[in-house]
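The file protein_25.cif contains mmCIF, C-alpha atoms:
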```cif
data_upload
#
loop_
_atom_site.label_atom_id
_atom_site.label_comp_id
_atom_site.auth_asym_id
_atom_site.auth_seq_id
_atom_site.Cartn_x
_atom_site.Cartn_y
_atom_site.Cartn_z
CA MET A 16 0.00 0.00 0.00
CA VAL A 17 1.38 3.41 -1.01
CA LEU A 18 0.60 6.05 1.57
CA PRO A 19 -0.39 9.63 0.79
CA GLY A 20 1.32 12.61 2.32
CA ASN A 21 4.75 14.08 2.19
CA SER A 22 5.74 12.61 -1.16
CA PRO A 23 8.90 13.66 -3.01
CA LEU A 24 6.81 13.90 -6.19
CA LYS A 25 6.23 17.60 -5.53
CA TYR A 26 9.97 18.05 -6.21
CA LYS A 27 9.76 16.71 -9.77
CA ASN A 28 12.37 19.01 -11.29
CA CYS A 29 15.03 18.83 -8.61
CA LYS A 30 17.47 16.42 -7.05
CA HIS A 31 16.35 14.13 -4.22
CA ILE A 32 19.27 14.29 -1.79
CA PHE A 33 20.02 11.94 1.08
CA SER A 34 22.92 12.21 3.48
CA GLY A 35 23.65 10.80 6.91
CA ILE A 36 26.04 11.78 9.66
CA GLN A 37 27.00 9.86 12.78
CA PRO A 38 26.46 11.46 16.21
CA THR A 39 30.04 10.83 17.28
CA GLY A 40 32.01 13.89 18.29
CA VAL A 41 31.37 17.53 17.45
CA LEU A 42 31.44 18.85 13.89
CA HIS A 43 34.78 20.38 13.01
CA LEU A 44 35.87 22.88 10.39
CA GLY A 45 36.50 20.18 7.79
CA ASN A 46 33.01 18.69 8.27
CA TYR A 47 31.44 22.13 8.07
CA PHE A 48 33.07 23.30 4.84
CA GLY A 49 33.54 19.86 3.28
CA ALA A 50 29.95 18.64 3.72
CA VAL A 51 27.44 20.56 5.84
CA LYS A 52 27.80 23.94 4.15
CA GLN A 53 27.34 22.24 0.78
CA TRP A 54 24.20 20.45 2.05
CA VAL A 55 22.87 23.87 3.03
CA SER A 56 23.58 25.16 -0.49
CA LEU A 57 21.64 22.25 -2.01
CA GLN A 58 18.75 22.92 0.40
CA ASN A 59 18.68 26.63 -0.39
CA ALA A 60 18.81 25.92 -4.13
CA GLY A 61 15.40 24.24 -3.75
CA HIS A 62 16.43 20.59 -3.84
CA ASP A 63 14.68 17.93 -1.76
CA VAL A 64 17.11 17.26 1.09
CA VAL A 65 16.73 14.43 3.61
CA LEU A 66 19.33 14.35 6.41
CA SER A 67 19.59 11.60 8.98
CA ILE A 68 21.54 11.49 12.23
CA VAL A 69 22.52 7.85 11.89
CA ASP A 70 22.64 6.62 15.47
CA GLN A 71 22.22 2.96 14.41
CA HIS A 72 25.50 3.23 12.52
CA ALA A 73 27.13 4.72 15.61
CA ILE A 74 26.48 1.60 17.71
CA THR A 75 28.54 -0.63 15.39
CA VAL A 76 31.27 0.34 17.88
CA SER A 77 30.77 0.66 21.63
CA GLN A 78 28.71 3.68 22.78
CA LYS A 79 27.50 4.83 26.19
CA ARG A 80 23.76 5.51 26.33
CA CYS A 81 24.08 8.99 27.84
CA ASP A 82 26.83 9.97 25.39
CA LEU A 83 24.84 8.80 22.37
CA LEU A 84 21.75 10.82 23.32
CA HIS A 85 23.83 13.90 24.14
CA ASN A 86 25.76 13.62 20.89
CA THR A 87 22.56 13.20 18.88
CA LEU A 88 21.11 16.43 20.28
CA THR A 89 24.44 18.21 19.83
CA MET A 90 24.58 17.10 16.19
CA ALA A 91 21.01 18.28 15.58
CA ALA A 92 21.75 21.68 17.11
CA SER A 93 24.99 21.96 15.15
CA LEU A 94 23.36 21.16 11.81
CA ILE A 95 20.58 23.70 12.39
CA ALA A 96 23.09 26.31 13.53
CA CYS A 97 25.09 25.71 10.35
CA GLY A 98 22.03 26.48 8.23
CA ILE A 99 19.99 23.28 7.88
CA ASP A 100 16.36 24.44 8.04
CA PRO A 101 13.89 21.81 9.31
CA GLU A 102 11.15 23.69 7.42
CA LYS A 103 12.95 23.14 4.11
CA SER A 104 14.78 19.86 4.73
CA ILE A 105 13.83 16.68 6.58
CA LEU A 106 16.11 16.25 9.60
CA PHE A 107 15.57 13.17 11.75
CA GLN A 108 17.09 10.48 13.95
CA GLN A 109 17.61 7.20 12.06
CA SER A 110 16.45 4.88 14.85
CA HIS A 111 13.06 6.64 14.99
CA VAL A 112 12.17 5.44 11.49
CA PRO A 113 12.02 1.62 11.84
CA GLU A 114 11.81 1.13 8.07
CA HIS A 115 15.60 1.65 7.95
CA SER A 116 16.05 -1.56 9.92
CA GLU A 117 13.46 -3.41 7.87
CA LEU A 118 14.99 -2.52 4.51
CA ASN A 119 18.41 -3.40 5.93
CA VAL A 120 17.13 -6.92 6.63
CA LEU A 121 15.55 -7.23 3.18
CA LEU A 122 18.69 -6.06 1.37
CA ARG A 123 20.76 -8.66 3.21
CA SER A 124 18.95 -11.28 1.12
CA VAL A 125 20.89 -10.09 -1.94
CA ALA A 126 24.10 -8.55 -0.52
CA HIS A 127 27.16 -10.77 -0.99
CA THR A 128 29.49 -11.28 1.97
CA ALA A 129 32.58 -11.41 -0.26
CA LEU A 130 31.78 -7.93 -1.55
CA LEU A 131 31.28 -6.57 1.96
CA ALA A 132 34.59 -8.03 3.12
CA ARG A 133 36.42 -6.05 0.40
CA GLN A 134 35.07 -2.67 1.51
CA ALA A 135 37.79 -0.16 2.39
CA HIS A 136 35.78 1.15 5.37
CA TYR A 137 35.71 -2.32 6.96
CA LYS A 138 39.41 -2.92 6.36
CA ASP A 139 40.30 0.46 7.86
CA LYS A 140 38.22 -0.20 10.98
CA LEU A 141 39.88 -3.59 11.50
CA LYS A 142 43.25 -1.87 11.84
CA THR A 143 42.15 0.10 14.90
CA LEU A 144 39.73 -2.30 16.62
CA LYS A 145 40.85 -3.82 19.91
CA HIS A 146 38.23 -6.57 19.83
CA VAL A 147 36.54 -8.95 17.41
CA PRO A 148 34.49 -6.96 14.85
CA SER A 149 30.71 -7.13 15.14
CA LEU A 150 28.30 -8.27 12.45
CA GLY A 151 26.93 -4.72 12.52
CA LEU A 152 30.32 -3.33 11.53
CA PHE A 153 30.78 -5.94 8.81
CA SER A 154 27.33 -5.27 7.31
CA TYR A 155 27.52 -1.48 7.81
CA PRO A 156 27.35 -0.84 4.01
CA VAL A 157 24.03 -2.71 3.75
CA LEU A 158 22.39 -0.45 6.33
CA GLN A 159 23.95 2.51 4.56
CA ALA A 160 22.42 1.32 1.28
CA ALA A 161 19.04 0.97 3.03
CA ASP A 162 19.31 4.54 4.31
CA ILE A 163 19.86 5.85 0.79
CA LEU A 164 17.43 3.63 -1.13
CA LEU A 165 14.53 4.11 1.28
CA TYR A 166 13.84 7.67 0.07
CA GLU A 167 13.95 7.27 -3.74
CA THR A 168 17.20 9.18 -3.59
CA THR A 169 18.60 10.46 -6.88
CA HIS A 170 21.83 11.98 -5.55
CA VAL A 171 24.10 11.42 -2.54
CA PRO A 172 26.72 14.08 -1.71
CA VAL A 173 30.05 12.39 -0.90
CA GLY A 174 33.73 13.12 -0.94
CA ASP A 175 35.82 11.60 -3.69
CA ASP A 176 37.12 8.97 -1.25
CA GLN A 177 33.56 7.80 -0.47
CA LYS A 178 32.40 6.94 -3.98
CA GLN A 179 32.76 3.24 -3.17
CA HIS A 180 29.80 3.48 -0.74
CA ILE A 181 27.48 4.75 -3.47
CA GLN A 182 28.75 2.19 -5.97
CA LEU A 183 27.91 -0.56 -3.47
CA ALA A 184 24.43 0.88 -2.81
CA ARG A 185 23.79 0.90 -6.57
CA GLN A 186 25.01 -2.67 -6.90
CA ILE A 187 22.78 -3.89 -4.05
CA ALA A 188 19.80 -2.07 -5.62
CA ARG A 189 20.50 -3.66 -9.00
CA GLN A 190 20.69 -7.12 -7.42
CA PHE A 191 17.45 -6.54 -5.51
CA ASN A 192 15.65 -5.27 -8.62
CA ALA A 193 16.93 -8.20 -10.70
CA LYS A 194 15.63 -10.69 -8.14
CA TYR A 195 12.29 -9.13 -7.20
CA GLY A 196 11.22 -6.80 -9.99
CA LYS A 197 12.49 -4.07 -12.28
CA ASP A 198 12.80 -0.54 -10.90
CA ILE A 199 11.63 -1.28 -7.35
CA LEU A 200 14.60 0.65 -5.98
CA ARG A 201 15.96 3.76 -7.65
CA LEU A 202 19.69 3.75 -8.37
CA PRO A 203 21.28 6.87 -6.85
CA GLN A 204 24.18 8.88 -8.23
CA ALA A 205 27.04 10.42 -6.30
CA ILE A 206 27.48 14.16 -6.14
CA ILE A 207 31.18 14.64 -5.55
CA LEU A 208 31.53 17.45 -3.03
CA ASP A 209 33.95 20.26 -3.71
CA ASP A 210 37.18 18.87 -2.28
CA SER A 211 38.74 22.34 -2.27
CA LEU A 212 36.41 23.11 0.64
CA ALA A 213 37.44 19.95 2.47
CA ARG A 214 41.16 20.49 2.21
CA VAL A 215 41.44 21.45 5.88
CA LYS A 216 44.07 19.30 7.62
CA SER A 217 44.95 18.49 11.20
CA LEU A 218 46.53 21.35 13.14
CA CYS A 219 48.97 18.87 14.68
CA GLN A 220 49.71 16.65 11.66
CA PRO A 221 49.14 18.77 8.55
CA ASN A 222 49.57 15.81 6.22
CA LYS A 223 46.45 14.16 7.66
CA LYS A 224 42.78 15.16 7.47
CA MET A 225 41.19 17.01 10.36
CA SER A 226 39.22 14.28 12.16
CA LYS A 227 36.57 13.96 14.88
CA SER A 228 38.21 10.75 16.04
CA ASP A 229 41.70 12.18 16.64
CA VAL A 230 42.56 11.68 20.31
CA ASN A 231 44.18 15.13 20.43
CA PRO A 232 41.42 17.80 20.59
CA ASN A 233 43.96 20.47 19.59
CA SER A 234 44.22 18.83 16.17
CA ARG A 235 40.84 20.21 15.09
CA ILE A 236 38.71 23.33 15.33
CA GLU A 237 35.22 22.34 16.44
CA ILE A 238 32.26 24.52 15.55
CA LEU A 239 31.31 24.75 19.23
CA ASP A 240 34.75 25.95 20.32
CA SER A 241 34.81 29.38 21.97
CA PRO A 242 36.59 32.22 20.14
CA ASP A 243 39.42 32.12 22.68
CA LEU A 244 39.84 28.36 22.29
CA ILE A 245 39.91 28.70 18.50
CA ARG A 246 42.65 31.32 18.73
CA HIS A 247 44.59 29.13 21.15
CA LYS A 248 44.39 26.10 18.85
CA VAL A 249 45.50 28.07 15.80
CA ASN A 250 48.36 29.72 17.69
CA SER A 251 49.45 26.28 18.92
CA ALA A 252 49.31 24.70 15.45
CA TYR A 253 52.39 22.75 14.41
CA THR A 254 54.70 24.74 12.13
CA ALA A 255 57.96 22.84 12.64
CA GLU A 256 59.22 25.44 15.13
CA TYR A 257 59.84 27.87 12.30
CA TYR A 258 59.45 31.58 12.93
CA GLY A 259 60.48 33.29 9.68
CA ASN A 260 58.13 35.00 7.25
CA ILE A 261 55.73 32.96 5.16
CA ALA A 262 57.42 33.69 1.84
CA CYS A 263 60.56 31.91 3.09
CA THR A 264 58.84 28.91 4.64
CA PRO A 265 61.24 25.92 4.69
CA GLU A 266 60.19 22.59 3.22
CA ASP A 267 59.49 20.87 6.54
CA SER A 268 56.98 23.58 7.42
CA GLN A 269 55.29 24.08 4.05
CA ALA A 270 52.40 21.70 4.66
CA ALA A 271 51.63 23.34 8.01
CA VAL A 272 51.62 26.88 6.60
CA ALA A 273 49.63 25.74 3.54
CA ASN A 274 47.05 24.31 5.94
CA LEU A 275 46.76 27.62 7.80
CA MET A 276 46.27 29.37 4.47
CA SER A 277 43.62 26.83 3.43
CA ILE A 278 41.75 27.45 6.67
CA HIS A 279 42.07 31.22 6.18
CA SER A 280 40.80 30.89 2.62
CA VAL A 281 37.67 28.90 3.43
CA VAL A 282 36.58 31.17 6.30
CA SER A 283 37.36 34.43 4.49
CA GLY A 284 36.39 33.50 0.93
CA ILE A 285 39.72 34.88 -0.32
CA ASP A 286 41.60 32.68 -2.78
CA LEU A 287 45.00 31.26 -1.85
CA GLU A 288 46.91 33.26 -4.44
CA SER A 289 45.59 36.54 -3.01
CA LEU A 290 46.39 35.42 0.53
CA ASN A 291 49.93 34.55 -0.50
CA LYS A 292 50.45 37.99 -1.97
CA LYS A 293 48.91 39.83 0.96
CA TYR A 294 50.62 37.99 3.81
CA ALA A 295 53.92 36.81 2.29
CA ASN A 296 55.98 39.03 4.58
CA GLU A 297 54.16 38.21 7.80
CA SER A 298 55.91 36.11 10.39
CA ILE A 299 54.26 32.79 11.12
CA ASP A 300 53.32 33.94 14.62
CA GLU A 301 51.67 37.06 13.23
CA TYR A 302 49.89 35.06 10.57
CA LYS A 303 48.57 32.58 13.14
CA ASN A 304 46.99 35.51 15.00
CA ILE A 305 45.35 36.71 11.78
CA VAL A 306 44.00 33.25 10.96
CA GLY A 307 42.81 32.62 14.52
CA ASN A 308 40.85 35.87 14.55
CA ALA A 309 39.32 35.18 11.13
CA VAL A 310 38.18 31.69 12.14
CA ALA A 311 36.81 32.87 15.51
CA GLU A 312 34.83 35.66 13.83
CA HIS A 313 33.39 33.31 11.19
CA MET A 314 32.35 30.57 13.62
CA ALA A 315 31.01 32.76 16.47
CA PRO A 316 27.41 33.08 15.12
CA ILE A 317 27.20 29.31 14.58
CA LYS A 318 28.35 28.57 18.12
CA GLU A 319 25.96 31.16 19.53
CA LYS A 320 22.96 29.65 17.74
CA ALA A 321 23.92 26.07 18.66
CA ASP A 322 24.33 27.03 22.31
CA LEU A 323 20.84 28.57 22.35
CA LEU A 324 19.33 25.45 20.79
CA LEU A 325 21.07 23.17 23.27
CA LYS A 326 19.52 25.11 26.17
CA GLU A 327 16.14 23.72 25.04
CA PRO A 328 16.67 19.98 24.40
CA GLU A 329 12.91 19.39 24.34
CA GLY A 330 12.67 21.67 21.32
CA LEU A 331 15.40 19.74 19.52
CA LEU A 332 13.65 16.45 20.27
CA GLN A 333 10.43 17.87 18.83
CA ILE A 334 12.24 18.91 15.64
CA LEU A 335 13.72 15.42 15.27
CA GLU A 336 10.37 13.74 15.94
CA TRP A 337 8.66 16.00 13.41
CA GLY A 338 11.33 15.12 10.88
CA ALA A 339 10.98 11.40 11.67
CA LYS A 340 7.23 11.54 11.00
CA LYS A 341 7.80 13.13 7.60
CA ALA A 342 10.60 10.69 6.78
CA GLN A 343 8.49 7.70 7.83
CA ILE A 344 5.69 8.57 5.42
CA ARG A 345 8.15 8.36 2.55
CA ALA A 346 9.83 5.27 3.97
CA GLN A 347 6.51 3.47 4.29
CA ASN A 348 5.76 4.19 0.64
CA THR A 349 8.96 2.40 -0.37
CA ILE A 350 8.43 -0.51 2.02
CA GLY A 351 4.84 -0.85 0.83
CA LYS A 352 5.96 -1.27 -2.78
CA ILE A 353 8.55 -3.83 -1.72
CA HIS A 354 6.00 -5.82 0.30
CA GLN A 355 3.83 -6.13 -2.82
CA LYS A 356 6.72 -7.35 -4.96
CA LEU A 357 7.95 -9.85 -2.37
CA GLY A 358 4.51 -11.30 -1.65
CA PHE A 359 4.32 -9.95 1.90
CA SER A 360 0.97 -8.27 1.15
CA LEU A 361 -1.75 -8.16 -1.50
CA TRP A 362 -1.81 -4.34 -1.81
#
```
Translate this file's structure into structure tokens.
Amino acid sequence: MVLPGNSPLKYKNCKHIFSGIQPTGVLHLGNYFGAVKQWVSLQNAGHDVVLSIVDQHAITVSQKRCDLLHNTLTMAASLIACGIDPEKSILFQQSHVPEHSELNVLLRSVAHTALLARQAHYKDKLKTLKHVPSLGLFSYPVLQAADILLYETTHVPVGDDQKQHIQLARQIARQFNAKYGKDILRLPQAIILDDSLARVKSLCQPNKKMSKSDVNPNSRIEILDSPDLIRHKVNSAYTAEYYGNIACTPEDSQAAVANLMSIHSVVSGIDLESLNKKYANESIDEYKNIVGNAVAEHMAPIKEKADLLLKEPEGLLQILEWGAKKAQIRAQNTIGKIHQKLGFSLW
């Protein structure tokens, strides 16, 4: 049975976007510019955007109950503060739409274990795990495919290094359609996000990406950091103990200074070539002060809005529940069509 209601059909001439983000850690500068800000642009361009805080993915590794709930609310507040509008986009908590779990189970009937075992994400996790991997971690890509396919998604925004996830979702959808009926599940396409906006690196190891999972909090600028903490982190950034001017940066410090310039560029909107010309004669210490102030000024309104939202957790829960209701109407449409094709129901 296909349910009426909040159907994506009203968005006939636009992209149907799905993206998910785990509630683990606070969004940092790389997340903001590399993904969230671009989701906001898609939303404001009039596309149909569905965003899920994927808490079921988060529990593939150990989580404390209180931390998971706190992190979910923090993520919701952060996304809204960054510009996600619950009136324009659907923002919800994955576990509150049970159709994600159901489609996950159904897709497992066609997903091949050999293919899952070859996934780069799984191999990377095995390197850092201190215990035997769970079935949830192994089958993570199947749940991810269910997340995407549940909403008749046409496009999924990903970084260039995440294309494999979308290729796998397409392959699972093709296998499911081949077994149970043509065009049951729509095959999504990847939108490759602008990597120039995601070029922000760790403040401590400028050859590595800025990461939520880095054990050193000084390696990243989080969107909820205070202005003073942002300035402190930038001033403490690794620059190979070099104190000359930027134009004469030695080789062992080039990556670190390039990272500071990348950060300065994304928060100011000034291209790197112009920054090089303008600040070539600044000392690294002086330039760190300039960058720290620019980042603090850019992020202050986001932190202020997120802090206000977090003071009213009941309001955030209402927003997520409202989003879950809208998401579930769409999800039930998809599950209803699948039930017909599989012989689970007559209509």
Item to check | Surrounding residues of Leu208 in chain A excluding itself and chain neighbours under 2 positions, 7 Å, all atoms listed in the file, as a ChimeraX atom specification | outcome: /A:172-174,206,210
List the spatial neighbours of Cys97 in chain A as a PDB file with C-alpha atoms, keeping the file's coordinate frame - criterion: any atom at most 8 Å away, all atoms listed in the file, same-chain residues fewer than 6 positions off excluded.
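Wrote selection09.pdb, looks like this:
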```
ATOM      1  CA  TYR A  47      31.440  22.130   8.070  1.00  0.00           C
ATOM      2  CA  VAL A  51      27.440  20.560   5.840  1.00  0.00           C
ATOM      3  CA  LYS A  52      27.800  23.940   4.150  1.00  0.00           C
ATOM      4  CA  VAL A  55      22.870  23.870   3.030  1.00  0.00           C
ATOM      5  CA  ILE A 317      27.200  29.310  14.580  1.00  0.00           C
TER       6      ILE A 317
END
```
Checklist entry - For Asp198 in chain A, which residue out of A:Leu42, A:Thr349, A:Val215, A:Leu84 is the nearest one, using only C-alpha atoms? => result A:Thr349
Item to check | Among listed residues A:Ser77, A:Val69, A:Val306, A:Lys224, nearest Lys145 in chain A (using only C-alpha atoms) | outcome: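 Counting only C-alpha atoms, the residue closest to Lys145 in chain A is A:Ser77.
By chain and then residue number, the residues within 7 Å of Pro38 in chain A are Ile68, Val69, Asp70, Ala73, Leu83, Asn86, Thr87 and Met90 of chain A, counting only C-alpha atoms and disregarding those fewer than 4 positions away in sequence.
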Checklist entry - For the atom pair CA of Ile163 in chain A and CA of Leu144 in chain A, what is the interatomic distance in Å to one decimal place? => result 26.7 Å
Next on the checklist: Which residue is closest to Leu44 in chain A? Choose from A:Ile238, A:Leu183, A:Leu287, A:Ala295 and count all atoms listed in the file.
Outcome noted: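 Nearest to Leu44 in chain A: A:Ile238.
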Item to check | Length of the CA of Asn296 in chain A to CA of Gln220 in chain A vector [Å] | outcome: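 Going from CA of Asn296 in chain A over to CA of Gln220 in chain A covers 24.3 Å.
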Next on the checklist: Report as an MDAnalysis selection string all protein, DNA and RNA residues lying within 12 Å of range 319-323 of chain A, evaluated on only C-alpha atoms, omitting residues in the same chain fewer than 6 positions from it.
Outcome noted: chainID A and resid 41:42 88:99 238:242 311:313 330:331
Checklist entry - Taking into account all atoms listed in the file, which residue in the set A:Tyr195, A:Trp54, A:Phe153, A:Tyr166 is nearest to Leu131 in chain A? => result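 Between A:Tyr195, A:Trp54, A:Phe153, A:Tyr166, the residue approaching Leu131 in chain A most closely is A:Phe153.
The shortest atom-to-atom distance to Ala193 in chain A, with all atoms listed in the file taken into account, belongs to A:Val125 out of A:Val171, A:Ala271, A:Val125, A:Ile305.
CA of Ser116 in chain A to CA of Asp175 in chain A spans 27.4 Å [interatomic distance, one decimal].
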Checklist entry - Can you list what the PyMOL selection byres ((chain A and resi 123) around 10) grabs from this structure, as a PyMOL selection string? => result chain A and resi 118-122+124-128+154+157-158+161+187+191
Which residues are near Tyr253 in chain A? Cut-off 12 Å, only C-alpha atoms, ignore same chain within fewer than 5 positions. Put them as a CSV table (one decimal) with C-alpha atoms, keeping the file's coordinate frame.
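So the final result, stored in around.csv, reads:
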```csv
chain,number,residue,atom,x,y,z
A,216,LYS,CA,44.1,19.3,7.6
A,217,SER,CA,45.0,18.5,11.2
A,218,LEU,CA,46.5,21.4,13.1
A,219,CYS,CA,49.0,18.9,14.7
A,220,GLN,CA,49.7,16.6,11.7
A,221,PRO,CA,49.1,18.8,8.6
A,222,ASN,CA,49.6,15.8,6.2
A,233,ASN,CA,44.0,20.5,19.6
A,234,SER,CA,44.2,18.8,16.2
A,235,ARG,CA,40.8,20.2,15.1
A,248,LYS,CA,44.4,26.1,18.8
A,258,TYR,CA,59.4,31.6,12.9
A,267,ASP,CA,59.5,20.9,6.5
A,268,SER,CA,57.0,23.6,7.4
A,269,GLN,CA,55.3,24.1,4.0
A,270,ALA,CA,52.4,21.7,4.7
A,271,ALA,CA,51.6,23.3,8.0
A,272,VAL,CA,51.6,26.9,6.6
A,273,ALA,CA,49.6,25.7,3.5
A,274,ASN,CA,47.0,24.3,5.9
A,275,LEU,CA,46.8,27.6,7.8
A,299,ILE,CA,54.3,32.8,11.1
A,300,ASP,CA,53.3,33.9,14.6
A,303,LYS,CA,48.6,32.6,13.1
```
Next on the checklist: I'd like to know which of A:Val65, A:Asn46, A:Ile199, A:His85 is closest to Leu325 in chain A, using all atoms listed in the file.
Outcome noted: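 With all atoms listed in the file as the atom set, the closest residue is A:His85.
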